[in-house]
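Below is one structure; the comments refer to it alone.
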Amino acid sequence: MKSIAPSRRRAAAASLAGVAALVLAGCGSGNDTGGAADGSVSLGFVNGSNTHFHTCLLRAVEQEAEAQDAKVYSANSKQDAGTELSNIEDMIARNVDALIVQTVNVDALEGDIAKAKSAGIPIYLTSVATSDMDEVLGAAVVDLKKAGALDAEWISKDAGGKNVSVGIVAGAPGAASDMLVGGFKDALPKTAKVVANQPGMFNPAKAQDVAENMIQSHPDLDYAFVANEEMAFAVRKAFDAAGAKDVKIVSVNGTEEGVAAVKDGRLSATVANSAATIGQTAVKSTVSLLDKKEEGVDKISDIPLVLVTKDNLTEAPQYCPK
């Protein structure tokens with residue numbers, strides 16, 4: 001890896017001394033903000049939540065940062081846009097060289113980016129991109145609309161032209177969930193009718209409650225699209241308990257547990273978007289793009305998607321770093 005120019009000093013020495021007292025050794029998660037590795041480049045990673053995806057994404061960022069001789073500080077926004085902005089302000093106070101952000105809400109990004117830009121700190125995005133990419137360093141993009149569409153296309157093929165009813169257990173409003181659900185609904189055939197669409201808030205307990213109410217209201221439900229596998233397992237439990245074992249569930253993530261659930265039939269299909277690949281790509285690209293002499297690095301990196309069914313289980317990429 002090429003060496004990185006020394007970071008610009010964007011805060012007074014007194015402020016830095018105060019910030020230094022807050023630095024924790026090791027990995028950060030939950031409410032904590034932590035640092036990993038001790039390299040020549042400092043990165044701030046603002047994560048969006050505590051789901052399995054976000055935990056694996058954090059692990060990938062930290063492992064790749066160590067491989068790239070970079071120091072990384074992490075914070076968690078817990079699905080709250082206000083907390084995200086506060087976390088970004090904290091990272092700015094740490095005088096990091098760049099920010100990597102897994103946003104909780106695309107609409108909130110404008111303020112986040114403006115705040116970082118005014119401090120001279122570039123932002124690299126994970127999972128989503130902005131309409132004006134000139135304002136950010138780059139992005140590791142998951143085509144979330146395509147992910148939803150792949151599940152819808154599986155339902156279309158499986159239904160074979162029959163009229164079917166579909167339920168949706170979304171995530172939390174904003175960012176990922178809205179894109180997933182939008183792509184799913186747009187790709188459904190006209191013969192598929194969405195009879196219920198409620199947020200599970202990326203929380204298995206909430207998703208189970210939603211599923212229990214959904215199957216009571218729609219006992220003839222044929223399919224369910226669930227915005228991540230953690231919720232999908234809870235939805236499966238609720239459906240089975242209600243005697244609705246024939247409802248076919250499609251989901252998103254491609255975790256080891258999710259692929260196993262496709263294999264044993266609890267899930268009919270899932271779209272693999274590897275958290276490991278996203279995190280690794282984000283750190284590699286951020287470090288390379290910071291070095292303006294580095295050539296051949298894409299500003300936008302598209303993360304591969306794989307529709308996983310019983311027919312191609314071995315094609316699922318590794319989801320979470322070991």
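Naming scheme: A, B, ... for chains in displayed order of the structure tokens; residues 1 onward per chain; ligands 1 onward as shown.
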List the spatial neighbours of region 150-152 of chain A as a PDB file with N, CA, C and O atoms, in the first residue's frame - criterion: any atom at most 6 Å away, only C-alpha atoms, same-chain residues fewer than 3 positions off excluded.
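Below you can see out.pdb, which holds the result:
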```
ATOM      1  N   ALA A 147     -31.870  -6.118  -5.141  1.00  0.00           N
ATOM      2  CA  ALA A 147     -31.984  -7.210  -4.172  1.00  0.00           C
ATOM      3  C   ALA A 147     -33.459  -7.557  -3.944  1.00  0.00           C
ATOM      4  O   ALA A 147     -33.853  -8.728  -3.952  1.00  0.00           O
ATOM      5  N   ILE A 155     -40.486 -15.185  -6.721  1.00  0.00           N
ATOM      6  CA  ILE A 155     -41.911 -15.416  -6.465  1.00  0.00           C
ATOM      7  C   ILE A 155     -42.670 -15.524  -7.778  1.00  0.00           C
ATOM      8  O   ILE A 155     -43.530 -16.399  -7.948  1.00  0.00           O
ATOM      9  N   PHE A 184     -38.727  -4.606  -4.528  1.00  0.00           N
ATOM     10  CA  PHE A 184     -39.536  -5.828  -4.477  1.00  0.00           C
ATOM     11  C   PHE A 184     -40.917  -5.592  -5.083  1.00  0.00           C
ATOM     12  O   PHE A 184     -41.372  -6.344  -5.954  1.00  0.00           O
ATOM     13  N   ALA A 187     -41.095  -5.114  -8.896  1.00  0.00           N
ATOM     14  CA  ALA A 187     -40.786  -6.276  -9.729  1.00  0.00           C
ATOM     15  C   ALA A 187     -41.815  -7.401  -9.619  1.00  0.00           C
ATOM     16  O   ALA A 187     -41.723  -8.395 -10.345  1.00  0.00           O
ATOM     17  N   LEU A 188     -42.783  -7.253  -8.728  1.00  0.00           N
ATOM     18  CA  LEU A 188     -43.807  -8.291  -8.598  1.00  0.00           C
ATOM     19  C   LEU A 188     -44.685  -8.332  -9.850  1.00  0.00           C
ATOM     20  O   LEU A 188     -44.979  -7.290 -10.438  1.00  0.00           O
TER      21      LEU A 188
END
```
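Residues within 7 Å of Pro321 (chain A), counting only C-alpha atoms and excluding same-chain residues fewer than 3 positions away, are Cys56, Arg59, Ala60 and Ala276 of chain A.
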Could those residues be written to a file, using C-alpha atoms, as a compact mmCIF listing (two decimals), in the first residue's frame?
```txt
# COMPACT_ATOMS: atom_id res chain seq x y z
CA CYS A 56 -20.37 -8.31 10.50
CA ARG A 59 -15.81 -6.75 11.91
CA ALA A 60 -14.92 -6.51 8.23
CA ALA A 276 -17.65 -8.91 4.57
```
Kindly provide the residues of region 188-302 of chain A that approach region 45-54 of chain A to within 9 Å, each paired with its closest atom pair and their distance in Å to one decimal, based on only C-alpha atoms, listed by chain and increasing number, as JSON lines.
```
{"residue": "A:Phe202", "atom": "CA", "partner": "A:Thr51", "partner_atom": "CA", "distance": 7.3}
{"residue": "A:Asn203", "atom": "CA", "partner": "A:Thr51", "partner_atom": "CA", "distance": 8.2}
{"residue": "A:Asn228", "atom": "CA", "partner": "A:Phe53", "partner_atom": "CA", "distance": 8.9}
{"residue": "A:Glu230", "atom": "CA", "partner": "A:His52", "partner_atom": "CA", "distance": 7.6}
{"residue": "A:Asn253", "atom": "CA", "partner": "A:Phe53", "partner_atom": "CA", "distance": 7.5}
{"residue": "A:Thr255", "atom": "CA", "partner": "A:Phe53", "partner_atom": "CA", "distance": 8.4}
{"residue": "A:Ser274", "atom": "CA", "partner": "A:Phe53", "partner_atom": "CA", "distance": 8.6}
{"residue": "A:Ala275", "atom": "CA", "partner": "A:Phe53", "partner_atom": "CA", "distance": 6.1}
```
### Task
Find the residues near region 296-305 of chain A: any atom within 6 Å, counting only C-alpha atoms, skip ones fewer than 4 places away on the same chain, and give them as a list in words.
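Residues near the query, excluding close chain neighbours: Gly138, Ala139, Ala140, Val141, Val142, Ala272 and Asn273 of chain A.
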If you keep N, CA, C and O atoms, can you produce a file of those selected residues as an mmCIF file, in the first residue's frame?
```
data_model
loop_
_atom_site.group_PDB
_atom_site.id
_atom_site.type_symbol
_atom_site.label_atom_id
_atom_site.label_comp_id
_atom_site.auth_asym_id
_atom_site.auth_seq_id
_atom_site.Cartn_x
_atom_site.Cartn_y
_atom_site.Cartn_z
ATOM 1 N N GLY A 138 -16.412 8.414 -2.069
ATOM 2 C CA GLY A 138 -16.776 7.239 -2.857
ATOM 3 C C GLY A 138 -17.850 6.447 -2.144
ATOM 4 O O GLY A 138 -18.394 6.871 -1.111
ATOM 5 N N ALA A 139 -18.171 5.268 -2.681
ATOM 6 C CA ALA A 139 -19.218 4.436 -2.078
ATOM 7 C C ALA A 139 -19.069 2.990 -2.512
ATOM 8 O O ALA A 139 -18.709 2.707 -3.660
ATOM 9 N N ALA A 140 -19.320 2.079 -1.570
ATOM 10 C CA ALA A 140 -19.451 0.652 -1.866
ATOM 11 C C ALA A 140 -20.941 0.372 -1.872
ATOM 12 O O ALA A 140 -21.580 0.326 -0.822
ATOM 13 N N VAL A 141 -21.505 0.234 -3.064
ATOM 14 C CA VAL A 141 -22.956 0.286 -3.228
ATOM 15 C C VAL A 141 -23.566 -1.104 -3.394
ATOM 16 O O VAL A 141 -23.113 -1.904 -4.206
ATOM 17 N N VAL A 142 -24.602 -1.358 -2.619
ATOM 18 C CA VAL A 142 -25.447 -2.527 -2.804
ATOM 19 C C VAL A 142 -26.713 -2.053 -3.511
ATOM 20 O O VAL A 142 -27.394 -1.142 -3.019
ATOM 21 N N ALA A 272 -28.011 -12.803 -1.314
ATOM 22 C CA ALA A 272 -26.755 -12.620 -0.590
ATOM 23 C C ALA A 272 -26.105 -11.309 -0.984
ATOM 24 O O ALA A 272 -25.809 -11.076 -2.156
ATOM 25 N N ASN A 273 -25.921 -10.450 0.006
ATOM 26 C CA ASN A 273 -25.121 -9.228 -0.170
ATOM 27 C C ASN A 273 -24.124 -9.200 0.984
ATOM 28 O O ASN A 273 -24.422 -8.758 2.078
#
```
### Message
If you run DSSP on the backbone here, which positions in region 59-114 of chain A get helix (DSSP H, G or I)? Please write them as a PyMOL selection string.
### Response
chain A and resi 59-67+81-93+106-114
### Task
Tell me which of A:Val210, A:Val271, A:Val283, A:Leu180 sits closest to Glu64 (chain A), counting only C-alpha atoms.
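Of A:Val210, A:Val271, A:Val283, A:Leu180, the one nearest Glu64 (chain A) is A:Val283, counting only C-alpha atoms.
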### Task
Please provide as a list in words all residues within 10 Å of Pro122 (chain A), with the sequence filter that same-chain residues fewer than 5 positions apart are discarded (counting only C-alpha atoms).
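What passes the distance filter is Val96, Asp97, Ala98, Leu99, Ile100, Ile113, Ala114, Ala116, Lys117, Glu135, Val136, Leu137, Gly138, Thr286 and Leu290 of chain A.
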Keeping only C-alpha atoms, take the residues you just selected and write them out as a PDB file, in the first residue's frame.
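Contents of again01.pdb, as written:
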```pdb
ATOM      1  CA  VAL A  96      -9.858  11.359  11.400  1.00  0.00           C
ATOM      2  CA  ASP A  97      -8.579  11.319   7.827  1.00  0.00           C
ATOM      3  CA  ALA A  98     -11.883  10.009   6.436  1.00  0.00           C
ATOM      4  CA  LEU A  99     -15.300   8.809   7.535  1.00  0.00           C
ATOM      5  CA  ILE A 100     -16.984   5.578   6.462  1.00  0.00           C
ATOM      6  CA  ILE A 113     -21.934  15.256   4.377  1.00  0.00           C
ATOM      7  CA  ALA A 114     -22.109  19.034   4.772  1.00  0.00           C
ATOM      8  CA  ALA A 116     -17.916  16.600   7.406  1.00  0.00           C
ATOM      9  CA  LYS A 117     -17.112  18.664   4.312  1.00  0.00           C
ATOM     10  CA  GLU A 135     -19.725  15.594  -2.541  1.00  0.00           C
ATOM     11  CA  VAL A 136     -18.315  12.286  -1.249  1.00  0.00           C
ATOM     12  CA  LEU A 137     -15.070  10.361  -1.524  1.00  0.00           C
ATOM     13  CA  GLY A 138     -16.776   7.239  -2.857  1.00  0.00           C
ATOM     14  CA  THR A 286     -11.109   4.745   1.190  1.00  0.00           C
ATOM     15  CA  LEU A 290      -7.171   9.246   0.064  1.00  0.00           C
TER      16      LEU A 290
END
```
### Task
Find the residue from A:Ala224, A:Ala149, A:Ala67, A:Ala205 that sits nearest to Lys185 (chain A); use only C-alpha atoms when measuring.
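Closest candidate: A:Ala149.
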### Query
Do you have the CA of Tyr319 (chain A)-CA of Gly254 (chain A) distance handy?
6.4 Å
Could you give me, as CSV, a per-residue list for region 105-222 of chain A showing, wherever an atom lies at most 12 Å from an atom of region 79-95 of chain A, the closest pair of atoms and their distance in Å to one decimal, using only C-alpha atoms and sorting by chain then residue number from low to high?
```
residue,atom,partner,partner_atom,distance
A:Asn105,CA,A:Ala81,CA,6.4
A:Val106,CA,A:Ala81,CA,9.3
A:Asp107,CA,A:Ala81,CA,9.1
A:Ala108,CA,A:Ala81,CA,6.3
A:Leu109,CA,A:Ala81,CA,8.7
A:Glu110,CA,A:Leu85,CA,10.4
A:Gly111,CA,A:Leu85,CA,7.7
A:Asp112,CA,A:Leu85,CA,5.8
A:Ile113,CA,A:Ile88,CA,9.2
A:Ala114,CA,A:Leu85,CA,10.5
A:Lys115,CA,A:Glu89,CA,7.6
A:Ala116,CA,A:Ile92,CA,6.9
A:Lys117,CA,A:Ile92,CA,9.9
A:Ser118,CA,A:Ile92,CA,10.0
A:Ala119,CA,A:Ile92,CA,7.0
A:Gly120,CA,A:Ile92,CA,9.0
A:Ile121,CA,A:Ile92,CA,7.3
A:Pro122,CA,A:Ile92,CA,10.2
A:Ile123,CA,A:Ile88,CA,9.8
A:Gly171,CA,A:Gln79,CA,10.5
A:Ala172,CA,A:Gln79,CA,7.8
A:Pro173,CA,A:Gln79,CA,9.4
A:Gly174,CA,A:Gln79,CA,9.3
A:Ala175,CA,A:Gln79,CA,10.0
A:Ala176,CA,A:Gln79,CA,11.0
A:Ser177,CA,A:Gln79,CA,11.5
A:Met201,CA,A:Gln79,CA,9.1
A:Phe202,CA,A:Gln79,CA,9.6
A:Asn203,CA,A:Gln79,CA,11.3
```
